[in-house]
file query-v5.txt (compact mmCIF, C-alpha atoms)
# COMPACT_ATOMS: atom_id res chain seq x y z
CA MET A 1 73.56 109.64 -76.99
CA ASN A 2 75.72 106.78 -75.83
CA GLY A 3 78.90 106.21 -77.81
CA THR A 4 80.58 103.31 -76.02
CA GLU A 5 78.95 100.17 -77.41
CA ARG A 6 80.65 100.02 -80.84
CA PRO A 7 83.60 101.48 -82.78
CA ILE A 8 83.43 105.21 -83.47
CA ILE A 9 82.74 104.88 -87.20
CA ASP A 10 79.90 102.39 -86.58
CA THR A 11 78.47 104.64 -83.90
CA PHE A 12 78.40 107.74 -86.08
CA SER A 13 77.71 106.26 -89.52
CA ARG A 14 74.27 105.02 -88.42
CA HIS A 15 73.14 108.67 -88.59
CA ILE A 16 74.46 109.23 -92.14
CA VAL A 17 72.21 109.15 -95.23
CA PRO A 18 74.13 110.21 -98.36
CA ILE A 19 72.05 111.66 -101.21
CA TYR A 20 72.66 110.31 -104.75
CA LEU A 21 71.34 112.10 -107.85
CA LEU A 22 71.46 111.33 -111.56
CA LEU A 23 70.97 114.27 -113.94
CA GLU A 24 70.42 114.47 -117.69
CA LYS A 25 70.45 117.19 -120.34
CA ASP A 26 69.58 116.76 -124.02
CA GLY A 27 69.51 112.99 -123.56
CA GLU A 28 73.02 112.86 -122.11
CA PRO A 29 73.63 111.72 -118.52
CA LYS A 30 75.86 113.64 -116.15
CA HIS A 31 78.29 111.95 -113.79
CA PRO A 32 76.28 111.22 -110.61
CA VAL A 33 76.08 113.91 -107.95
CA TRP A 34 76.23 112.81 -104.32
CA PHE A 35 76.78 114.48 -100.98
CA THR A 36 76.73 113.71 -97.27
CA ALA A 37 73.57 114.25 -95.21
CA PHE A 38 72.26 112.95 -91.89
CA LEU A 39 68.88 112.31 -90.30
CA LEU A 40 67.32 114.75 -87.84
CA ARG A 41 64.15 114.43 -85.78
CA VAL A 42 62.62 117.72 -84.62
CA ARG A 43 59.44 117.61 -82.54
CA GLY A 44 58.51 114.34 -84.20
CA ASN A 45 59.29 115.49 -87.75
CA TYR A 46 62.06 113.98 -89.88
CA LEU A 47 64.52 115.92 -92.02
CA LEU A 48 67.86 115.44 -93.71
CA ALA A 49 70.49 118.02 -92.81
CA THR A 50 73.46 118.86 -95.01
CA ALA A 51 75.54 121.86 -96.07
CA GLY A 52 73.54 124.53 -97.85
CA HIS A 53 76.08 124.86 -100.64
CA CYS A 54 75.44 121.22 -101.64
CA LEU A 55 71.83 122.15 -102.40
CA ASP A 56 73.00 125.31 -104.16
CA ASP A 57 75.21 123.21 -106.45
CA VAL A 58 72.22 121.11 -107.51
CA GLU A 59 70.13 124.24 -108.12
CA THR A 60 72.91 125.74 -110.25
CA MET A 61 73.03 122.61 -112.42
CA GLU A 62 69.27 122.71 -112.87
CA ARG A 63 69.40 126.35 -113.95
CA LYS A 64 71.89 125.26 -116.62
CA GLY A 65 69.36 122.80 -118.01
CA TRP A 66 70.19 119.60 -116.16
CA LYS A 67 67.20 117.62 -114.89
CA ILE A 68 67.17 115.11 -112.06
CA THR A 69 66.16 111.71 -113.44
CA LYS A 70 66.88 109.61 -110.36
CA ALA A 71 67.19 110.42 -106.65
CA ARG A 72 68.21 107.87 -104.03
CA LEU A 73 68.94 107.85 -100.31
CA MET A 74 71.87 105.60 -99.40
CA ASP A 75 70.59 104.26 -96.09
CA ALA A 76 72.73 101.13 -95.59
CA LEU A 77 75.67 102.65 -93.69
CA SER A 78 74.50 101.45 -90.29
CA PHE A 79 76.23 98.32 -89.01
CA ASP A 80 72.70 97.03 -88.29
CA ALA A 81 71.24 97.82 -91.74
CA LYS A 82 68.88 95.12 -92.99
CA PHE A 83 68.49 96.23 -96.62
CA LEU A 84 71.26 97.24 -99.03
CA ASP A 85 69.21 98.77 -101.85
CA PRO A 86 68.93 102.59 -101.72
CA ILE A 87 65.55 104.27 -101.21
CA PRO A 88 63.96 106.15 -104.14
CA PHE A 89 62.66 109.60 -103.19
CA ASP A 90 61.45 112.78 -104.86
CA TYR A 91 64.17 115.38 -104.43
CA HIS A 92 61.95 118.38 -105.21
CA LEU A 93 59.02 117.25 -103.07
CA SER A 94 61.46 117.14 -100.15
CA MET A 95 61.60 120.95 -100.54
CA PRO A 96 65.40 121.45 -100.36
CA CYS A 97 65.90 124.76 -98.58
CA ARG A 98 68.40 126.91 -96.69
CA PRO A 99 67.10 128.19 -93.36
CA LEU A 100 68.86 131.20 -91.85
CA LYS A 101 70.44 132.03 -95.19
CA GLN A 102 70.16 135.69 -94.36
CA ASP A 103 72.93 135.14 -91.80
CA GLU A 104 75.19 133.56 -94.47
CA ASN A 105 75.16 130.28 -92.58
CA ASP A 106 75.67 127.14 -94.61
CA TYR A 107 72.68 125.06 -93.48
CA GLY A 108 70.72 122.86 -95.88
CA LEU A 109 67.56 120.85 -95.20
CA LEU A 110 65.33 118.34 -96.98
CA ILE A 111 61.95 117.60 -95.42
CA LEU A 112 61.05 113.91 -95.61
CA SER A 113 57.67 112.35 -96.30
CA ASP A 114 56.26 109.98 -93.72
CA LEU A 115 56.89 107.01 -96.03
CA THR A 116 60.54 107.91 -96.67
CA ALA A 117 61.24 108.54 -93.00
CA ALA A 118 59.63 105.23 -92.03
CA ALA A 119 61.81 103.40 -94.59
CA LEU A 120 64.98 104.96 -93.13
CA LEU A 121 63.97 104.00 -89.60
CA ALA A 122 63.19 100.44 -90.72
CA ASN A 123 66.75 100.13 -92.03
CA GLN A 124 68.18 101.13 -88.66
CA VAL A 125 69.14 104.71 -89.53
CA LEU A 126 69.30 106.53 -86.20
CA PRO A 127 67.89 110.06 -86.13
CA ILE A 128 69.59 112.79 -84.16
CA SER A 129 66.88 114.23 -81.94
CA GLU A 130 66.55 117.22 -79.63
CA ALA A 131 68.32 115.32 -76.87
CA ALA A 132 71.50 115.52 -78.96
CA TRP A 133 71.59 119.31 -79.16
CA GLU A 134 69.50 120.55 -76.24
CA CYS A 135 71.66 118.70 -73.70
CA ASP A 136 74.06 120.50 -71.37
CA MET A 137 77.08 118.27 -70.89
CA GLY A 138 79.53 121.08 -70.31
CA GLU A 139 82.79 121.45 -72.20
CA PRO A 140 83.40 118.57 -74.67
CA GLU A 141 86.56 116.48 -74.43
CA LEU A 142 86.61 115.28 -78.06
CA TYR A 143 85.19 116.25 -81.46
CA PHE A 144 84.68 114.05 -84.51
CA VAL A 145 83.64 114.90 -88.07
CA THR A 146 81.84 112.11 -89.94
CA GLY A 147 80.84 111.75 -93.58
CA ILE A 148 81.50 110.16 -96.95
CA LEU A 149 85.02 110.52 -98.28
CA GLY A 150 85.39 111.18 -102.00
CA VAL A 151 88.75 109.44 -102.15
CA GLY A 152 87.97 105.75 -101.80
CA SER A 153 84.33 106.07 -102.88
CA THR A 154 83.28 104.87 -106.34
CA VAL A 155 80.12 106.37 -107.84
CA THR A 156 78.89 105.45 -111.33
CA LEU A 157 75.61 105.56 -113.26
CA GLU A 158 74.87 102.01 -112.13
CA ARG A 159 76.10 101.81 -108.55
CA ALA A 160 77.81 103.55 -105.67
CA HIS A 161 80.39 102.23 -103.22
CA LEU A 162 80.78 104.84 -100.48
CA LYS A 163 83.52 105.14 -97.88
CA ALA A 164 82.37 106.48 -94.52
CA VAL A 165 84.99 107.88 -92.15
CA SER A 166 85.19 109.65 -88.81
CA ALA A 167 88.11 111.92 -88.02
CA LEU A 168 89.21 113.42 -84.73
CA VAL A 169 89.07 117.23 -84.70
CA GLN A 170 90.81 119.71 -82.41
CA HIS A 171 89.09 123.03 -81.72
CA VAL A 172 90.77 126.13 -83.15
CA PRO A 173 89.62 129.23 -81.25
CA GLU A 174 90.41 131.74 -84.01
CA CYS A 175 89.31 131.72 -87.64
CA PRO A 176 92.21 130.31 -89.74
CA PRO A 177 93.46 132.61 -92.54
CA CYS A 178 92.12 130.23 -95.20
CA PHE A 179 88.49 131.07 -94.27
CA ASN A 180 86.43 134.22 -94.23
CA HIS A 181 85.09 134.67 -90.71
CA VAL A 182 81.33 134.02 -90.47
CA VAL A 183 79.24 134.57 -87.34
CA LEU A 184 78.30 131.31 -85.57
CA ARG A 185 80.97 129.30 -87.34
CA TRP A 186 83.31 127.06 -85.38
CA TYR A 187 86.76 126.06 -86.59
CA GLY A 188 88.72 122.89 -86.12
CA LYS A 189 91.92 121.13 -87.11
CA VAL A 190 91.58 117.53 -88.33
CA VAL A 191 94.11 115.20 -86.74
CA PRO A 192 96.10 113.79 -89.70
CA THR A 193 95.82 110.10 -90.63
CA ASP A 194 97.16 108.01 -93.51
CA GLN A 195 93.55 107.35 -94.52
CA ILE A 196 92.45 110.96 -95.00
CA LYS A 197 94.29 113.04 -97.59
CA SER A 198 91.30 115.20 -98.52
CA LEU A 199 87.87 115.88 -97.06
CA GLU A 200 86.18 116.17 -100.46
CA GLY A 201 82.65 114.77 -100.08
CA MET A 202 82.49 115.40 -96.33
CA SER A 203 80.63 118.72 -96.57
CA GLY A 204 77.26 118.35 -94.90
CA GLY A 205 78.48 115.73 -92.45
CA PRO A 206 77.76 116.04 -88.73
CA VAL A 207 80.40 117.12 -86.24
CA PHE A 208 79.89 115.42 -82.90
CA ALA A 209 81.11 116.50 -79.48
CA MET A 210 81.93 113.80 -76.93
CA LYS A 211 82.51 113.65 -73.19
CA TYR A 212 83.02 110.94 -70.57
CA VAL A 213 80.02 111.10 -68.22
CA ASN A 214 79.08 108.68 -65.44
CA GLY A 215 81.34 105.89 -66.63
CA ARG A 216 80.66 106.07 -70.37
CA TYR A 217 81.15 108.37 -73.33
CA LYS A 218 78.21 110.53 -74.38
CA TYR A 219 78.05 112.39 -77.68
CA TRP A 220 75.85 115.08 -79.14
CA LEU A 221 75.49 117.12 -82.31
CA HIS A 222 77.91 120.03 -82.37
CA GLY A 223 77.52 121.26 -85.95
CA ILE A 224 77.64 120.62 -89.69
CA GLN A 225 80.88 120.60 -91.64
CA SER A 226 80.83 123.41 -94.20
CA ALA A 227 84.31 123.77 -95.72
CA GLN A 228 87.88 122.52 -95.69
CA SER A 229 91.07 124.46 -96.23
CA PRO A 230 92.08 124.61 -99.92
CA ARG A 231 95.55 123.50 -98.78
CA PHE A 232 94.31 120.40 -96.93
CA PRO A 233 96.06 118.32 -95.58
CA MET A 234 99.02 120.75 -95.32
CA GLU A 235 96.59 123.06 -93.51
CA PRO A 236 94.04 120.55 -92.13
CA TYR A 237 91.38 123.07 -91.08
CA ILE A 238 87.61 122.79 -91.35
CA ALA A 239 84.80 125.31 -90.88
CA VAL A 240 81.68 124.15 -89.07
CA ASN A 241 78.24 125.70 -88.74
CA LEU A 242 77.04 125.14 -85.19
CA ALA A 243 73.91 123.06 -84.57
CA GLN A 244 72.44 126.11 -82.92
CA PRO A 245 70.70 128.30 -83.97
CA MET A 246 69.39 126.03 -86.73
CA ALA A 247 68.02 123.38 -84.36
CA ALA A 248 66.25 125.97 -82.20
CA PHE A 249 64.79 127.60 -85.33
CA LEU A 250 63.40 124.26 -86.57
CA ALA A 251 61.88 123.51 -83.17
CA GLU A 252 60.12 126.90 -83.28
CA VAL A 253 58.85 126.20 -86.82
CA ALA A 254 57.40 122.90 -85.61
CA GLU A 255 55.67 124.81 -82.82
CA GLY A 256 53.96 127.13 -85.30
CA LYS A 257 56.34 130.09 -85.38
CA HIS A 258 58.16 131.75 -88.34
CA ALA A 259 55.17 132.00 -90.66
CA ASP A 260 57.30 133.95 -93.14
CA TRP A 261 59.58 130.94 -93.61
CA LEU A 262 56.61 128.62 -94.07
CA GLU A 263 55.29 130.91 -96.78
CA ALA A 264 58.70 130.77 -98.47
CA THR A 265 58.34 126.97 -98.67
CA GLU A 266 55.11 127.48 -100.66
CA ASP A 267 52.87 126.65 -97.71
CA LYS A 268 53.34 122.90 -98.18
CA LYS A 269 53.11 122.20 -94.45
CA PRO A 270 56.65 120.87 -94.16
CA PHE A 271 56.14 119.37 -90.70
CA SER A 272 53.54 116.65 -90.37
CA GLY A 273 54.64 115.05 -87.11
CA SER A 274 53.03 111.73 -88.04
CA VAL A 275 56.08 109.47 -88.26
CA PRO A 276 56.41 107.25 -85.17
CA VAL A 277 59.39 107.87 -82.92
CA SER A 278 62.16 105.29 -83.34
CA LYS A 279 62.88 103.11 -80.31

call {"tool": "encode", "arguments": {"input": "query-v5.txt", "output": "structure tokens"}}
result
Amino acid sequence: MNGTERPIIDTFSRHIVPIYLLLEKDGEPKHPVWFTAFLLRVRGNYLLATAGHCLDDVETMERKGWKITKARLMDALSFDAKFLDPIPFDYHLSMPCRPLKQDENDYGLLILSDLTAAALLANQVLPISEAAWECDMGEPELYFVTGILGVGSTVTLERAHLKAVSALVQHVPECPPCFNHVVLRWYGKVVPTDQIKSLEGMSGGPVFAMKYVNGRYKYWLHGIQSAQSPRFPMEPYIAVNLAQPMAAFLAEVAEGKHADWLEATEDKKPFSGSVPVSK
């Protein structure tokens, strides 16, 4: 993907689709739940990717008796967005799931209907396709984490004002002491800014790698932000689940492999492949 035509935040935020949920128990509403997600296209199928623990948090609330009464996709973060109203969608019909959970990796997915995916594309949300993780650009020069920052965002029962940010990240080759080492995790150090005092709300956001190639910057999906140091920003570390092997796994599912995983999603044929490819 080309990252030179617009500012970094405008370039990356066009992939972001935060998820907004209202829950209720015994007639009483709960403060809205929201988290960062972004749009993927895999072999012509459209999904939202996020951190698996965000989906776990929703499941935990539901086990405690909370019921989702409203679910919305906040699709107006693109600089080119045409419509400001969020998109209604059915959270449970999107089959929220955690692929590769057996490896303790923090991946979360929601599988979109054709209608929902088409609405996102119509509002200029840009999907991250295979070209953004199957490419071989060599060693990246820069990394950026992008998502919705809790500090500066205002979310109420009636409306949400969300603050999207992108932060420069430096690779850390060893697992920092604040994290438990997990296979296929990548670790980074966020370059401090006056704007970012906490990364609360950024879990599930994409981490992009960038490199200058043939006279312009190219970027691709490196991973999904999973956790921040509990002592952030004094220890400004993040843990990232790499885009692979999740992306390769999803491509294989779309090609008819991993029947056991399809059975685990109640045989609802999660990949339809009927949504037209965005230009």

call {"tool": "atom_distance", "arguments": {"input": "query-v5.txt", "atom1": "atom CA of Arg43 of chain A", "atom2": "atom CA of Leu100 of chain A"}}
result
19.0 Å

call {"tool": "residues_around", "arguments": {"input": "query-v5.txt", "residues": "segment 67-76 of chain A", "least_positions_apart": "5", "cutoff": "7 Å", "atoms": "all atoms listed in the file", "output": "mmCIF file with C-alpha atoms, in the frame of the given file"}}
result
data_model
loop_
_atom_site.group_PDB
_atom_site.id
_atom_site.type_symbol
_atom_site.label_atom_id
_atom_site.label_comp_id
_atom_site.auth_asym_id
_atom_site.auth_seq_id
_atom_site.Cartn_x
_atom_site.Cartn_y
_atom_site.Cartn_z
ATOM 1 C CA VAL A 17 72.210 109.150 -95.230
ATOM 2 C CA PRO A 18 74.130 110.210 -98.360
ATOM 3 C CA ILE A 19 72.050 111.660 -101.210
ATOM 4 C CA TYR A 20 72.660 110.310 -104.750
ATOM 5 C CA LEU A 21 71.340 112.100 -107.850
ATOM 6 C CA LEU A 22 71.460 111.330 -111.560
ATOM 7 C CA LEU A 23 70.970 114.270 -113.940
ATOM 8 C CA GLU A 24 70.420 114.470 -117.690
ATOM 9 C CA LYS A 25 70.450 117.190 -120.340
ATOM 10 C CA GLU A 62 69.270 122.710 -112.870
ATOM 11 C CA ALA A 81 71.240 97.820 -91.740
ATOM 12 C CA PHE A 83 68.490 96.230 -96.620
ATOM 13 C CA LEU A 84 71.260 97.240 -99.030
ATOM 14 C CA PRO A 86 68.930 102.590 -101.720
ATOM 15 C CA ILE A 87 65.550 104.270 -101.210
ATOM 16 C CA PRO A 88 63.960 106.150 -104.140
ATOM 17 C CA PHE A 89 62.660 109.600 -103.190
ATOM 18 C CA ASP A 90 61.450 112.780 -104.860
ATOM 19 C CA TYR A 91 64.170 115.380 -104.430
ATOM 20 C CA LEU A 120 64.980 104.960 -93.130
ATOM 21 C CA ASN A 123 66.750 100.130 -92.030
ATOM 22 C CA VAL A 125 69.140 104.710 -89.530
#

call {"tool": "closest_atom_pairs", "arguments": {"input": "query-v5.txt", "of": "segment 4-119 of chain A", "to": "segment 166-175 of chain A", "cutoff": "10 Å", "atoms": "all atoms listed in the file", "output": "CSV"}}
result
residue,atom,partner,partner_atom,distance
A:Ile8,CA,A:Ser166,CA,7.2
A:Ile9,CA,A:Ser166,CA,5.6
A:Asp10,CA,A:Ser166,CA,9.3
A:Thr11,CA,A:Ser166,CA,9.7
A:Phe12,CA,A:Ser166,CA,7.6
A:Ser13,CA,A:Ser166,CA,8.2

call {"tool": "atom_distance", "arguments": {"input": "query-v5.txt", "atom1": "atom CA of Ala227 of chain A", "atom2": "atom CA of Ser203 of chain A"}}
result
6.3 Å

call {"tool": "closest_residue", "arguments": {"input": "query-v5.txt", "among": "A:Asp26, A:Asp106, A:Asp194, A:Asp80", "to": "Lys64 of chain A", "atoms": "all atoms listed in the file"}}
result
A:Asp26

call {"tool": "atom_distance", "arguments": {"input": "query-v5.txt", "atom1": "atom CA of Glu235 of chain A", "atom2": "atom CA of Glu200 of chain A"}}
result
14.3 Å

call {"tool": "closest_atom_pairs", "arguments": {"input": "query-v5.txt", "of": "segment 187-260 of chain A", "to": "segment 140-153 of chain A", "cutoff": "9 Å", "atoms": "only C-alpha atoms", "output": "JSON lines"}}
result
{"residue": "A:Gly188", "atom": "CA", "partner": "A:Tyr143", "partner_atom": "CA", "distance": 8.8}
{"residue": "A:Val190", "atom": "CA", "partner": "A:Val145", "partner_atom": "CA", "distance": 8.4}
{"residue": "A:Ile196", "atom": "CA", "partner": "A:Leu149", "partner_atom": "CA", "distance": 8.1}
{"residue": "A:Lys197", "atom": "CA", "partner": "A:Val151", "partner_atom": "CA", "distance": 8.0}
{"residue": "A:Ser198", "atom": "CA", "partner": "A:Val151", "partner_atom": "CA", "distance": 7.3}
{"residue": "A:Leu199", "atom": "CA", "partner": "A:Leu149", "partner_atom": "CA", "distance": 6.2}
{"residue": "A:Glu200", "atom": "CA", "partner": "A:Gly150", "partner_atom": "CA", "distance": 5.3}
{"residue": "A:Gly201", "atom": "CA", "partner": "A:Gly150", "partner_atom": "CA", "distance": 4.9}
{"residue": "A:Met202", "atom": "CA", "partner": "A:Gly147", "partner_atom": "CA", "distance": 4.9}
{"residue": "A:Ser203", "atom": "CA", "partner": "A:Gly147", "partner_atom": "CA", "distance": 7.6}
{"residue": "A:Gly204", "atom": "CA", "partner": "A:Gly147", "partner_atom": "CA", "distance": 7.6}
{"residue": "A:Gly205", "atom": "CA", "partner": "A:Gly147", "partner_atom": "CA", "distance": 4.8}
{"residue": "A:Pro206", "atom": "CA", "partner": "A:Thr146", "partner_atom": "CA", "distance": 5.8}
{"residue": "A:Val207", "atom": "CA", "partner": "A:Val145", "partner_atom": "CA", "distance": 4.3}
{"residue": "A:Phe208", "atom": "CA", "partner": "A:Phe144", "partner_atom": "CA", "distance": 5.2}
{"residue": "A:Ala209", "atom": "CA", "partner": "A:Tyr143", "partner_atom": "CA", "distance": 4.5}
{"residue": "A:Met210", "atom": "CA", "partner": "A:Leu142", "partner_atom": "CA", "distance": 5.0}
{"residue": "A:Lys211", "atom": "CA", "partner": "A:Glu141", "partner_atom": "CA", "distance": 5.1}
{"residue": "A:Tyr212", "atom": "CA", "partner": "A:Glu141", "partner_atom": "CA", "distance": 7.6}
{"residue": "A:Tyr219", "atom": "CA", "partner": "A:Pro140", "partner_atom": "CA", "distance": 8.7}
{"residue": "A:His222", "atom": "CA", "partner": "A:Tyr143", "partner_atom": "CA", "distance": 8.3}
{"residue": "A:Ile224", "atom": "CA", "partner": "A:Val145", "partner_atom": "CA", "distance": 8.4}
{"residue": "A:Gln225", "atom": "CA", "partner": "A:Val145", "partner_atom": "CA", "distance": 7.3}

call {"tool": "residues_near_point", "arguments": {"input": "query-v5.txt", "point": "(72.5, 109.4, -86.8)", "cutoff": "8 Å", "atoms": "all atoms listed in the file", "output": "list of chain:residue names"}}
result
A:Phe12, A:Ser13, A:Arg14, A:His15, A:Ile16, A:Phe38, A:Leu39, A:Leu40, A:Val125, A:Leu126, A:Pro127, A:Ile128
